[in-house]
Amino acid sequence: PADVPVTAAGALKSYKLAAKAISRLQSLPSGNIPLLCDVLVQEVSELTGYDRVMAYKFHEDEHGEVIAECRRSDLEPYLGLHYPATDIPQASRFLFMKNKVRMICDCLALSVKVIQDKKLAQPLSLGGSTLRAVHGCHSQYMANMGSIASLVLSVTINEDDEETGSDQQQQKQMGRKLWGLVVCHHTSPRFVPFPLRYACEFLLQVFGIQLNKEVELAAQTKEKHILRTQTVLCDMLLRDAPIGIFTQSPNVMDLVKCDGAALYYRNQFWLLGITPMEIQIRDIVAWLLECHDGSTGLSTDSLTEAGYPGAPALGDAVCGMAAIKITSKDFIFWFRSHTAKEIRWGGAKHDPSDRNGNSSKMHPRSSFKAFLEVVKHRSVPWE
């Protein structure tokens, strides 16, 4: 398929190949985003012939993870590896929102100088050009990964209204956000003709629509669960508020997945499961009233990172906490213990060898050797 000629016949062949790939995507059962991504990378691989095709998802903190991969059998797998947010700078993400396809045929090819007429009032922008040269930093980055050619396709979905922040604002365009990328690598120079690139872009548009439905379905399921939880909580409170939700069945621990729960009410304690000691809960209450008095509660998967001074004394038994204020001085707590979490990074998050004397100059990472980070003193996140 990668040898499709730039002709009307080639365009028709590309369309037929894309239609076949789309048909396969649309035949998949709903509720399985990993399967959707697996099939996508297989189809893009068959369409383009690249040595490696990856589905790369951005997390909330903007770092990326390879969640699906189709590769040549002799290549090292990248599936499951995480990459720091700095690997794809904000300027690049902004361009990916404007131009959905970026092809680099040969990162080692010599660039050709563009001579601009001095009469032009503004500098010429090649941001939308397929022929624009590769940034020196990115060229070295690719070479460090053992990749000579690449094709990157944007995956965009509808913007979530709840998301705020300047970084997200940069990625917003016409109510869309950059969910991730499909990244294709080749170990030798490779050119993909326009009809095939256009077919891939069309395939990604359809994938984005389908992915958007899956994301919305997951959000609706989560919302239904929250409503059910609220209903159960109200029923429990009607029995004997608020003590009944600790002394009767079902209780607060049936409401939220946790290792322990506590009620601090009128200077008294009701404890269930694994909790801090009463004196420690008093200290947490004092900290909440001092540092979070303006809020109705707090949830964190790491009391250490939340800034609670007494977190080290709690050990691994209590790492995460969700607290809600029921009066000006009374609280209900849910606690979660430490959970062993391992993240495989594709190269060090902060590689000292990649630092440059000139801090303003972008410098690519030289190491992509996978290493394991064991996340400590953290619970399963609260949803």
# chains A, B, ... in the order shown; residues from 1 in each chain; ligands from 1
call {"tool": "residues_around", "arguments": {"residues": "A:Ile104", "least_positions_apart": "3", "cutoff": "8 Å", "atoms": "only C-alpha atoms", "output": "CSV table (one decimal) with all heavy atoms, in the first residue's frame"}}
result
chain,number,residue,atom,x,y,z
A,107,CYS,N,15.3,12.2,8.5
A,107,CYS,CA,15.7,13.3,9.5
A,107,CYS,C,17.1,13.7,9.3
A,107,CYS,O,17.6,14.7,9.9
A,107,CYS,CB,15.4,12.7,10.9
A,107,CYS,SG,16.6,11.4,11.5
A,134,VAL,N,13.3,19.6,9.4
A,134,VAL,CA,13.2,19.1,10.8
A,134,VAL,C,14.0,20.0,11.7
A,134,VAL,O,15.1,20.3,11.4
A,134,VAL,CB,13.7,17.6,10.8
A,134,VAL,CG1,13.4,17.0,12.2
A,134,VAL,CG2,13.0,16.8,9.7
A,149,ALA,N,12.9,7.9,9.6
A,149,ALA,CA,11.7,8.5,9.1
A,149,ALA,C,10.5,8.4,10.0
A,149,ALA,O,10.5,7.5,10.8
A,149,ALA,CB,11.4,7.9,7.7
A,150,SER,N,9.6,9.3,9.9
A,150,SER,CA,8.4,9.2,10.8
A,150,SER,C,7.2,9.8,10.2
A,150,SER,O,7.3,10.6,9.2
A,150,SER,CB,8.7,10.0,12.1
A,150,SER,OG,8.8,11.4,11.9
A,151,LEU,N,6.0,9.4,10.6
A,151,LEU,CA,4.7,9.9,10.3
A,151,LEU,C,3.9,10.1,11.5
A,151,LEU,O,3.8,9.1,12.3
A,151,LEU,CB,4.0,9.0,9.3
A,151,LEU,CG,2.7,9.5,8.8
A,151,LEU,CD1,2.8,10.7,7.8
A,151,LEU,CD2,1.9,8.3,8.0
A,191,PHE,N,9.0,7.6,2.3
A,191,PHE,CA,8.1,8.6,1.8
A,191,PHE,C,6.7,8.0,1.6
A,191,PHE,O,6.6,6.9,1.0
A,191,PHE,CB,8.6,9.2,0.4
A,191,PHE,CG,7.6,10.1,-0.2
A,191,PHE,CD1,7.3,11.4,0.2
A,191,PHE,CD2,6.8,9.6,-1.3
A,191,PHE,CE1,6.4,12.2,-0.4
A,191,PHE,CE2,5.9,10.5,-1.9
A,191,PHE,CZ,5.7,11.8,-1.5
call {"tool": "select_by_dssp", "arguments": {"residues": "stretch 63-114 of chain A", "states": "alpha helix (DSSP H)", "output": "number ranges by chain"}}
result
A: 90-98
call {"tool": "write_last_selection", "arguments": {"atoms": "N, CA, C and O atoms", "output": "compact mmCIF listing (two decimals), in the first residue's frame"}}
result
# COMPACT_ATOMS: atom_id res chain seq x y z
N GLN A 90 4.97 22.14 24.14
CA GLN A 90 3.67 22.76 23.89
C GLN A 90 3.56 23.33 22.47
O GLN A 90 2.50 23.25 21.85
N ALA A 91 4.66 23.89 21.95
CA ALA A 91 4.64 24.45 20.60
C ALA A 91 4.32 23.36 19.58
O ALA A 91 3.55 23.58 18.63
N SER A 92 4.89 22.16 19.78
CA SER A 92 4.63 21.05 18.87
C SER A 92 3.18 20.58 18.99
O SER A 92 2.54 20.29 17.98
N ARG A 93 2.66 20.56 20.19
CA ARG A 93 1.26 20.13 20.39
C ARG A 93 0.30 21.11 19.72
O ARG A 93 -0.73 20.70 19.17
N PHE A 94 0.64 22.38 19.81
CA PHE A 94 -0.18 23.40 19.16
C PHE A 94 -0.21 23.18 17.65
O PHE A 94 -1.26 23.27 17.00
N LEU A 95 0.96 22.86 17.07
CA LEU A 95 1.04 22.60 15.63
C LEU A 95 0.26 21.34 15.25
O LEU A 95 -0.35 21.28 14.19
N PHE A 96 0.27 20.34 16.13
CA PHE A 96 -0.47 19.10 15.85
C PHE A 96 -1.98 19.35 15.83
O PHE A 96 -2.73 18.60 15.21
N MET A 97 -2.43 20.39 16.54
CA MET A 97 -3.84 20.75 16.49
C MET A 97 -4.19 21.42 15.17
O MET A 97 -5.29 21.29 14.66
N LYS A 98 -3.23 22.14 14.60
CA LYS A 98 -3.46 22.84 13.33
C LYS A 98 -3.25 21.91 12.12
O LYS A 98 -4.02 21.92 11.17
call {"tool": "closest_residue", "arguments": {"among": "A:Val66, A:Ile157, A:Val192, A:Cys319", "to": "A:Arg176", "atoms": "only C-alpha atoms"}}
result
A:Ile157
call {"tool": "residues_around", "arguments": {"residues": "A:Val101", "least_positions_apart": "4", "cutoff": "10 Å", "atoms": "only C-alpha atoms", "output": "count of residues only"}}
result
16
call {"tool": "residues_around", "arguments": {"residues": "A:Trp270", "least_positions_apart": "5", "cutoff": "8 Å", "atoms": "only C-alpha atoms", "output": "CSV table (one decimal) with all heavy atoms, in the first residue's frame"}}
result
chain,number,residue,atom,x,y,z
A,243,ILE,N,-24.5,9.3,62.5
A,243,ILE,CA,-23.8,8.2,63.1
A,243,ILE,C,-24.3,6.8,62.5
A,243,ILE,O,-23.5,5.9,62.4
A,243,ILE,CB,-24.2,8.2,64.6
A,243,ILE,CG1,-23.6,9.4,65.3
A,243,ILE,CG2,-23.6,6.9,65.3
A,243,ILE,CD1,-24.2,9.8,66.7
A,246,PHE,N,-22.3,4.8,60.1
A,246,PHE,CA,-21.1,4.1,60.6
A,246,PHE,C,-21.5,2.9,61.4
A,246,PHE,O,-20.8,1.9,61.5
A,246,PHE,CB,-20.2,5.0,61.4
A,246,PHE,CG,-19.2,5.8,60.6
A,246,PHE,CD1,-19.7,6.9,59.9
A,246,PHE,CD2,-17.9,5.4,60.5
A,246,PHE,CE1,-18.8,7.7,59.1
A,246,PHE,CE2,-17.0,6.1,59.7
A,246,PHE,CZ,-17.5,7.3,59.0
A,262,ALA,N,-13.7,7.0,58.9
A,262,ALA,CA,-13.8,7.6,60.2
A,262,ALA,C,-14.8,8.7,60.2
A,262,ALA,O,-14.9,9.5,59.3
A,262,ALA,CB,-12.5,8.1,60.7
A,263,LEU,N,-15.6,8.8,61.3
A,263,LEU,CA,-16.5,9.9,61.6
A,263,LEU,C,-16.0,10.7,62.8
A,263,LEU,O,-15.8,10.1,63.8
A,263,LEU,CB,-17.9,9.4,61.8
A,263,LEU,CG,-18.9,10.5,62.3
A,263,LEU,CD1,-19.2,11.6,61.2
A,263,LEU,CD2,-20.2,9.8,62.7
A,264,TYR,N,-15.7,12.0,62.6
A,264,TYR,CA,-15.4,12.9,63.7
A,264,TYR,C,-16.6,13.8,63.9
A,264,TYR,O,-16.8,14.7,63.0
A,264,TYR,CB,-14.1,13.7,63.4
A,264,TYR,CG,-13.7,14.6,64.5
A,264,TYR,CD1,-13.2,14.2,65.7
A,264,TYR,CD2,-13.8,16.0,64.2
A,264,TYR,CE1,-12.8,15.1,66.7
A,264,TYR,CE2,-13.5,16.9,65.2
A,264,TYR,CZ,-13.0,16.5,66.4
A,264,TYR,OH,-12.6,17.4,67.4
